[in-house]
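To start, the structure itself, in structure tokens.
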Amino acid sequence: MNKKLLKSIVCIASSIGVASSIPFATTSCGSSSDVLPKNVLPYEVYEYDENNVLQGFKEGVDLSKYDGICNTMQIPAKVTSVKESAFITAQLKTKIPSFITKLTFAEGSNCLSIGTRAFYMCGSLTSVNLPSSLISVDSAVFDGCTKLQFVDFFNCTKLEVLFSSSFRSCPLKSIDLSFTKIKSIGNGCFGTCALTSVILPNTLETIGDLAFNGNRQLTSIDLSNCVNLSFINQSAFVNDTALTSIKLPGQKLSTIGKNAFQNCSNLSSITWNAWQGNLSLDQTAFSTVKSTGNVTITNLVDGHSSTELLTTLKQNGGLPDGWTAA
């Protein structure tokens with residue numbers, strides 16, 4: 001055999017052997033220039049602008065071919081924000097296919113914000129893991145995601161704002177915002193969810209109108225760690241009918257608005273930490289709560305007593321006469 005030809009055959013064979021041992025940057029959900037975890041939609045399905053703002057899915061992309069293969073949307077690390085209404089139609093219908101149940105963000109995410117209604121009414125989502133880069137979640141981002149049961153805020157150490165209705169009508173069982181820097185929880189943010197446990201950060205200053213209304217499985221709320229909380233706005237916990245006890249922070253809480261705890265029909269214990277007497281109460285703040293219960297002050301400041309607080313809550317906040325000072 002011609003030596004030159006033999007050499008060529010050997011080279012080709014060697015190349016095939018080497019190539020077969022090299023891992024390619026692909027995923028079972030499709031090809032991608034990034035190595036993606038199994039079951040994740042490839043990045044090629046997304047559209048970005050020149051500032052790496054995620055616009056949504058590419059026009060004309062066929063997502064149906066990933067049915068039965070992918071169940072996760074992972075937002076690429078280069079994305080700086082998710083555009084308003086990125087994944088809904090003009091008729092407010094979701095563009096996210098029903099086989100997508102999880103939303104995550106890539107390691108090293110640069111996403112600072114999620115725009116209004118970005119994932120609105122995505123009934124298929126069951127879990128969301130938010131990134132450490134996130135600063136704000138705009139209005140109605142996950143509003144109406146009727147299967148969303150878990151949102152991981154653990155890495156959100158920069159998160160400052162949850163705007164109105166961000167997670168409204170989601171069947172969330174618990175939220176832990178203690179790792180965040182949130183100052184404001186917007187109007188209706190967690191309204192009509194299924195919360196049984198709520199942990200809020202010490203940076204919190206304001207709880208908005210209807211923020212936790214209609215959480216009928218929530219039995220207690222502990223705000224004693226929220227030392228910067230100044231305002232509990234109107235109807236914030238209205239119709240939380242399973243609520244039996246609340247713990248309120250002391251020195252800065254100055255306003256409890258109209259109907260804030262109205263129709264919390266099982267509320268029987270109010271504990272106030274270091275109340276200083278500086279309180280503006282709407283006369284309906286505690287109306288239609290349980291007819292008997294106890295008011296307690298812990299860490300007494302300037303001689304203000306539980307009896308004095310009880311009188312204030314009765315005369316100005318609609319607390320029933322049957323309550324006593326513990």
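Every chain in the structure tokens has a letter given in the order shown (A, B, ...), and although residue numbers restart at 1 in each chain, ligands are simply numbered from 1 in the order shown.
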Among region 233-321 of chain A, which residues carry a DSSP assignment of strand (DSSP E), reported as a count of residues only? 18
Quick one: residues within 9 Å of region 150-158 of chain A, only C-alpha atoms, excluding same-chain residues fewer than 6 positions away - as a PyMOL selection string? chain A and resi 126-136+171-182
Set the distance at 6 Å and use only C-alpha atoms: which residues neighbour Val82 (chain A) once local chain neighbours fewer than 2 positions away are removed? I'd like the list as a count of residues only. 4
Determine the nearest neighbour of Val295 (chain A) from the options A:Cys122, A:Leu210, A:Ile270, A:Leu162, counting only C-alpha atoms.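 Ranked by minimum distance to Val295 (chain A), first place goes to A:Ile270.
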Name the residues in contact with region 231-234 of chain A at a cut-off of 12 Å, using only C-alpha atoms, excluding same-chain residues fewer than 5 positions from it; report them as a ChimeraX atom specification. /A:183-188,204-213,223,226,248-262,279-286
Just the selected residues (N, CA and C atoms), exported as a compact mmCIF listing (two decimals), in the first residue's frame, please.
```txt
# COMPACT_ATOMS: atom_id res chain seq x y z
N LYS A 183 -37.54 46.73 51.70
CA LYS A 183 -38.06 47.83 52.52
C LYS A 183 -39.57 47.95 52.39
N SER A 184 -40.10 47.50 51.26
CA SER A 184 -41.53 47.67 51.01
C SER A 184 -42.12 46.43 50.36
N ILE A 185 -43.23 45.98 50.91
CA ILE A 185 -44.02 44.92 50.29
C ILE A 185 -45.25 45.59 49.69
N GLY A 186 -45.37 45.53 48.37
CA GLY A 186 -46.37 46.30 47.65
C GLY A 186 -47.80 45.84 47.88
N ASN A 187 -48.73 46.68 47.45
CA ASN A 187 -50.15 46.40 47.59
C ASN A 187 -50.51 45.04 46.97
N GLY A 188 -51.20 44.22 47.72
CA GLY A 188 -51.67 42.94 47.20
C GLY A 188 -50.59 41.95 46.86
N LEU A 204 -37.57 45.84 56.64
CA LEU A 204 -38.91 46.19 56.18
C LEU A 204 -39.43 47.46 56.85
N GLU A 205 -39.96 48.39 56.01
CA GLU A 205 -40.49 49.65 56.52
C GLU A 205 -42.00 49.78 56.32
N THR A 206 -42.51 49.18 55.24
CA THR A 206 -43.93 49.36 54.89
C THR A 206 -44.54 48.05 54.40
N ILE A 207 -45.73 47.75 54.91
CA ILE A 207 -46.55 46.66 54.37
C ILE A 207 -47.74 47.30 53.69
N GLY A 208 -47.90 47.07 52.39
CA GLY A 208 -48.89 47.75 51.58
C GLY A 208 -50.32 47.28 51.76
N ASP A 209 -51.23 48.00 51.15
CA ASP A 209 -52.64 47.65 51.18
C ASP A 209 -52.83 46.21 50.68
N LEU A 210 -53.64 45.44 51.41
CA LEU A 210 -54.02 44.09 50.97
C LEU A 210 -52.82 43.17 50.74
N ALA A 211 -51.69 43.49 51.33
CA ALA A 211 -50.45 42.75 51.05
C ALA A 211 -50.58 41.26 51.35
N PHE A 212 -51.27 40.90 52.44
CA PHE A 212 -51.43 39.49 52.81
C PHE A 212 -52.91 39.13 53.00
N ASN A 213 -53.78 39.85 52.35
CA ASN A 213 -55.20 39.60 52.58
C ASN A 213 -55.64 38.22 52.06
N LEU A 223 -43.89 39.91 63.50
CA LEU A 223 -43.21 41.08 62.94
C LEU A 223 -42.25 41.70 63.95
N CYS A 226 -39.03 43.08 62.80
CA CYS A 226 -39.08 44.16 61.79
C CYS A 226 -38.97 45.51 62.49
N LEU A 248 -46.01 42.40 67.13
CA LEU A 248 -45.70 43.66 66.46
C LEU A 248 -44.42 44.27 67.00
N PRO A 249 -43.66 44.96 66.14
CA PRO A 249 -42.42 45.61 66.58
C PRO A 249 -42.73 46.91 67.31
N GLY A 250 -41.77 47.41 68.02
CA GLY A 250 -42.04 48.53 68.89
C GLY A 250 -41.85 49.92 68.38
N GLN A 251 -40.68 50.43 68.44
CA GLN A 251 -40.44 51.84 68.51
C GLN A 251 -40.81 52.64 67.27
N LYS A 252 -40.79 52.04 66.08
CA LYS A 252 -41.06 52.81 64.87
C LYS A 252 -42.46 52.61 64.30
N LEU A 253 -43.15 51.54 64.69
CA LEU A 253 -44.48 51.29 64.16
C LEU A 253 -45.44 52.36 64.68
N SER A 254 -45.89 53.21 63.77
CA SER A 254 -46.70 54.35 64.17
C SER A 254 -48.08 54.38 63.56
N THR A 255 -48.32 53.56 62.52
CA THR A 255 -49.61 53.62 61.82
C THR A 255 -50.11 52.23 61.47
N ILE A 256 -51.35 51.95 61.85
CA ILE A 256 -52.05 50.75 61.41
C ILE A 256 -53.33 51.22 60.75
N GLY A 257 -53.49 50.91 59.48
CA GLY A 257 -54.53 51.51 58.67
C GLY A 257 -55.89 50.86 58.77
N LYS A 258 -56.80 51.38 57.99
CA LYS A 258 -58.20 50.93 57.93
C LYS A 258 -58.28 49.45 57.60
N ASN A 259 -59.05 48.73 58.42
CA ASN A 259 -59.32 47.31 58.17
C ASN A 259 -58.08 46.43 58.15
N ALA A 260 -56.98 46.89 58.74
CA ALA A 260 -55.70 46.17 58.63
C ALA A 260 -55.83 44.71 59.05
N PHE A 261 -56.54 44.46 60.17
CA PHE A 261 -56.75 43.09 60.66
C PHE A 261 -58.25 42.76 60.74
N GLN A 262 -59.03 43.46 59.99
CA GLN A 262 -60.47 43.25 60.03
C GLN A 262 -60.83 41.83 59.59
N LEU A 279 -48.91 55.95 68.23
CA LEU A 279 -49.68 55.08 67.37
C LEU A 279 -50.88 55.79 66.78
N SER A 280 -50.97 55.75 65.44
CA SER A 280 -52.14 56.24 64.72
C SER A 280 -52.92 55.03 64.24
N LEU A 281 -54.17 54.90 64.73
CA LEU A 281 -54.99 53.73 64.44
C LEU A 281 -56.26 54.14 63.73
N ASP A 282 -56.62 53.43 62.67
CA ASP A 282 -57.95 53.61 62.13
C ASP A 282 -58.93 52.86 63.02
N GLN A 283 -60.13 53.39 63.15
CA GLN A 283 -61.10 52.82 64.08
C GLN A 283 -61.59 51.43 63.69
N THR A 284 -61.27 51.00 62.47
CA THR A 284 -61.65 49.65 62.02
C THR A 284 -60.46 48.70 61.95
N ALA A 285 -59.30 49.11 62.45
CA ALA A 285 -58.08 48.31 62.28
C ALA A 285 -58.25 46.90 62.82
N PHE A 286 -58.94 46.75 63.97
CA PHE A 286 -59.11 45.43 64.58
C PHE A 286 -60.58 45.06 64.74
```
Excluding region 272-278 of chain A and residues on its chain fewer than 4 positions from it, collect all residues at most 12 Å away from it, counting only C-alpha atoms, and give them as a VMD selection string. chain A and resid 222 to 227 230 245 to 256 294 to 313 325 to 326
Restricting the calculation to only C-alpha atoms, which member of A:Ser164, A:Thr288, A:Ser124, A:Gln55 is positioned closest to Cys145 (chain A)? A:Ser124
When you look at Gln217 (chain A) with a cut-off of 9 Å (counting only C-alpha atoms), what residues show up, excluding the ones that are within fewer than 4 positions of it in the same chain? I need them as a list in words.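 Once the adjacent positions are removed, what remains is Lys173, Ala194, Leu195, Thr196, Ser197, Asp240, Thr241, Ala242 and Leu243 of chain A.
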One decimal place gives the CA of Glu160 (chain A)-CA of Thr203 (chain A) separation as 8.9 Å
For CA of Ser220 (chain A) and CA of Tyr120 (chain A), quote the distance in Å rounded to one decimal.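 CA of Tyr120 (chain A) lies at a distance of 29.0 Å from CA of Ser220 (chain A).
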Exercise: Lys78 (chain A) partners within 7 Å, only C-alpha atoms, chain neighbours under 2 positions left out, as a ChimeraX atom specification: /A:52,76,80,109-110
Emit the selected residues as an mmCIF file, in the first residue's frame, including all heavy atoms.
```cif
data_model
loop_
_atom_site.group_PDB
_atom_site.id
_atom_site.type_symbol
_atom_site.label_atom_id
_atom_site.label_comp_id
_atom_site.auth_asym_id
_atom_site.auth_seq_id
_atom_site.Cartn_x
_atom_site.Cartn_y
_atom_site.Cartn_z
ATOM 1 N N ASN A 52 -28.800 43.298 26.488
ATOM 2 C CA ASN A 52 -29.051 41.997 27.100
ATOM 3 C C ASN A 52 -30.295 41.982 27.982
ATOM 4 O O ASN A 52 -30.353 41.267 29.002
ATOM 5 C CB ASN A 52 -27.826 41.527 27.895
ATOM 6 C CG ASN A 52 -26.705 41.064 26.991
ATOM 7 O OD1 ASN A 52 -26.947 40.480 25.932
ATOM 8 N ND2 ASN A 52 -25.471 41.332 27.387
ATOM 9 N N PRO A 76 -30.514 33.045 31.101
ATOM 10 C CA PRO A 76 -29.060 33.089 30.930
ATOM 11 C C PRO A 76 -28.381 34.135 31.809
ATOM 12 O O PRO A 76 -28.971 35.175 32.137
ATOM 13 C CB PRO A 76 -28.900 33.429 29.441
ATOM 14 C CG PRO A 76 -30.172 32.987 28.810
ATOM 15 C CD PRO A 76 -31.240 33.220 29.826
ATOM 16 N N THR A 80 -29.617 41.143 31.791
ATOM 17 C CA THR A 80 -29.558 42.212 32.796
ATOM 18 C C THR A 80 -30.915 42.499 33.412
ATOM 19 O O THR A 80 -31.006 42.984 34.539
ATOM 20 C CB THR A 80 -29.013 43.499 32.172
ATOM 21 O OG1 THR A 80 -29.806 43.842 31.018
ATOM 22 C CG2 THR A 80 -27.560 43.322 31.743
ATOM 23 N N SER A 109 -25.693 35.049 37.482
ATOM 24 C CA SER A 109 -26.713 35.896 36.866
ATOM 25 C C SER A 109 -26.434 37.379 37.082
ATOM 26 O O SER A 109 -25.985 37.801 38.145
ATOM 27 C CB SER A 109 -28.091 35.557 37.441
ATOM 28 O OG SER A 109 -29.071 36.460 36.984
ATOM 29 N N ASN A 110 -26.722 38.176 36.031
ATOM 30 C CA ASN A 110 -26.598 39.635 36.096
ATOM 31 C C ASN A 110 -27.962 40.320 36.084
ATOM 32 O O ASN A 110 -28.049 41.528 35.903
ATOM 33 C CB ASN A 110 -25.778 40.140 34.907
ATOM 34 C CG ASN A 110 -24.315 39.799 35.032
ATOM 35 O OD1 ASN A 110 -23.591 40.413 35.802
ATOM 36 N ND2 ASN A 110 -23.873 38.793 34.288
#
```
Just checking: using only C-alpha atoms, which residue out of A:Val141, A:Lys95, A:Gly108, A:Gln149 ends up closest to Phe163 (chain A)?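 The closest residue to Phe163 (chain A) is A:Val141.
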From a DSSP pass on the backbone, collect the residues of region 33-228 of chain A flagged as helix (DSSP H, G or I) and hand them back as a count of residues only. 7
Using only C-alpha atoms, which residue out of A:Phe99, A:Phe237, A:Phe167, A:Tyr46 lies closest to Gln74 (chain A)?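 When distances to Gln74 (chain A) are compared using only C-alpha atoms, the smallest one comes from A:Tyr46.
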Work out how far apart CA of Leu148 (chain A) and CA of Gly123 (chain A) are and give it in Å to one decimal.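 Pair CA of Leu148 (chain A) / CA of Gly123 (chain A) returns 7.5 Å.
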With distances taken over only C-alpha atoms, which of A:Met73, A:Cys264, A:Ile88, A:Ala106 is nearest to Ser235 (chain A)? A:Cys264
Calculated over only C-alpha atoms, which of the candidates A:Thr192, A:Asn39, A:Thr324, A:Asn215 has the smallest distance to Ile69 (chain A)?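 With only C-alpha atoms as the atom set, the closest residue is A:Asn39.
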